[in-house]
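Since the structure comes first, as structure tokens, the remarks are kept for the end.
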Amino acid sequence: MLCLDPYYRTIVGFEVLLEKEWLSFGHKFSTRYAHGDPKPNEQQAPIFPQMIDCVYQLLCQFPLSFQFNENFLITIMEHLYSCRFGTFLFNCVKEREDASIMTNTVSLWTWVNSQQELFLNPFYAPGDTVLYPDPSLKALRLWEGYHLKWYYKLEADSSVSLAREKRSCDSSVLALKAQLDAMQKEFAAYKSTHTQPEPIRKPHPGLANTHPQPH
């Protein structure tokens with residue numbers, strides 16, 4: 001749905017998608033991620049985090065197509081486990097209703113939408129484009145912003161830091177080039193429809209038959 005419908009690539013649209021396809025559908029968040037259960041069990045599985053990682057891969061391949069940025073995805077992942085908000089508590093809608101989640105807790109979406117400026121992608125270019133991601137291994141990226149967030153030793157390594165900066169700059173350059181191409185096409189289309197033909201200049205009647213005389 002993310003690839004087909006651009007609405008779900010907006011902040012509110014992605015929230016609606018998670019509510020519809022994961023929360024209302026009955027994904028067992030409490031069981032899969034051991035909320036309140038200190039002992040591991042065979043039901044635990046990182047299904048939802050894998051999906052969010054896939055969204056991150058799409059965000060890297062199509063930096064102009066998403067209204068939200070990487071920080072939005074990291075925030076969702078952090079509060080999947082923090083239990084600070086009621087959004088990902090319990091296993092189904094009935095359990096949430098029985099626990100009065102709507103009245104006893106704050107929704108993660110309410111908190112996010114109150115400060116959307118923190119989660120906006122500055123390169124976002126709204127459009128109806130269908131996304132065709134590259135599934136090859138060479139296109140996949142390690143989600144360093146999440147998986148290596150607390151790895152201070154690696155962050156201190158200058159070579160790794162420079163590599164991260166280079167990838168970030170490359171993504172920015174790619175996004176800016178795409179914006180420039182779109183603006184150039186828009187300007188060319190505008191120029192072709194608004195350019196008027198140059199008027200034909202006729203010679204002055206008094207100078208029509210005048211020729212320079214040889215000395």
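All residue names refer to the structure tokens as shown: chains lettered A, B, ... in order, residues numbered from 1 in each chain, ligands numbered from 1 in order.
Excluding Met1 in chain A itself and any same-chain residue fewer than 5 positions from it, the protein and nucleic acid residues within 12 Å of it, counting only C-alpha atoms, are Pro6, Tyr7, Tyr8, Arg9, Gly13, Phe14, Val16, Leu17, Leu18, Lys20, Glu21, Val55, Val130, Leu131 and Tyr132 of chain A.
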Quick one: contact table of range 14-123 of chain A to range 171-193 of chain A, 7 Å max, nearest atom pair and distance in Å to one decimal per residue, counting only C-alpha atoms, chain and number order, as a tab-separated table?
```
residue	atom	partner	partner_atom	distance
A:Pro63	CA	A:Ala175	CA	6.2
A:Leu64	CA	A:Ala175	CA	6.3
A:Phe123	CA	A:Ala175	CA	6.5
```
If you keep N, CA and C atoms, can you produce a file of those selected residues as an mmCIF file, in the first residue's frame?
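Saved to selection-v3.cif:
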```cif
data_model
loop_
_atom_site.group_PDB
_atom_site.id
_atom_site.type_symbol
_atom_site.label_atom_id
_atom_site.label_comp_id
_atom_site.auth_asym_id
_atom_site.auth_seq_id
_atom_site.Cartn_x
_atom_site.Cartn_y
_atom_site.Cartn_z
ATOM 1 N N PRO A 63 13.809 9.197 -1.459
ATOM 2 C CA PRO A 63 13.858 10.255 -0.438
ATOM 3 C C PRO A 63 12.873 11.401 -0.662
ATOM 4 N N LEU A 64 12.292 11.504 -1.858
ATOM 5 C CA LEU A 64 11.339 12.584 -2.141
ATOM 6 C C LEU A 64 9.887 12.165 -1.962
ATOM 7 N N PHE A 123 12.752 17.247 1.962
ATOM 8 C CA PHE A 123 12.841 16.992 0.524
ATOM 9 C C PHE A 123 11.545 16.420 -0.052
#
```
DSSP on the backbone: which residues in range 16-162 of chain A end up as helix (DSSP H, G or I)? Give the answer as a PyMOL selection string. chain A and resi 16-23+29-32+47-61+70-82+93-98+101-104+108-113+116-119+137-139+144-147+152-156+158-162
Excluding Leu108 in chain A and residues on its chain fewer than 2 positions from it, collect all residues at most 9 Å away from it, counting only C-alpha atoms, and give them as an NGL selection string. :A and (76 or 79 or 84-88 or 106 or 110-113)
Point-to-point distance from CA of Glu144 in chain A to CA of Ala34 in chain A, Å rounded to tenths: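 Interatomic distance here is 24.1 Å.
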Residues near range 93-98 of chain A, cut-off 7 Å, only C-alpha atoms, skip fewer than 2 positions along chain, as a CSV table (one decimal) with C-alpha atoms, in the first residue's frame:
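Wrote it out as selection29.csv, contents follow:
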```
chain,number,residue,atom,x,y,z
A,24,SER,CA,-7.2,-3.2,14.4
A,26,GLY,CA,-5.1,-7.9,15.9
A,90,PHE,CA,-2.2,-5.3,24.6
A,91,ASN,CA,-2.9,-7.8,21.8
A,100,SER,CA,-9.9,1.7,28.8
A,101,ILE,CA,-6.8,2.6,26.9
```
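With distances restricted to only C-alpha atoms, A:Gln50 is the closest residue to His147 in chain A from A:Asn69, A:Thr129, A:Gln50, A:Thr103.
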For Cys54 in chain A, the closest of A:Tyr33, A:Tyr151, A:Leu73, A:Gln115 counting only C-alpha atoms is A:Leu73
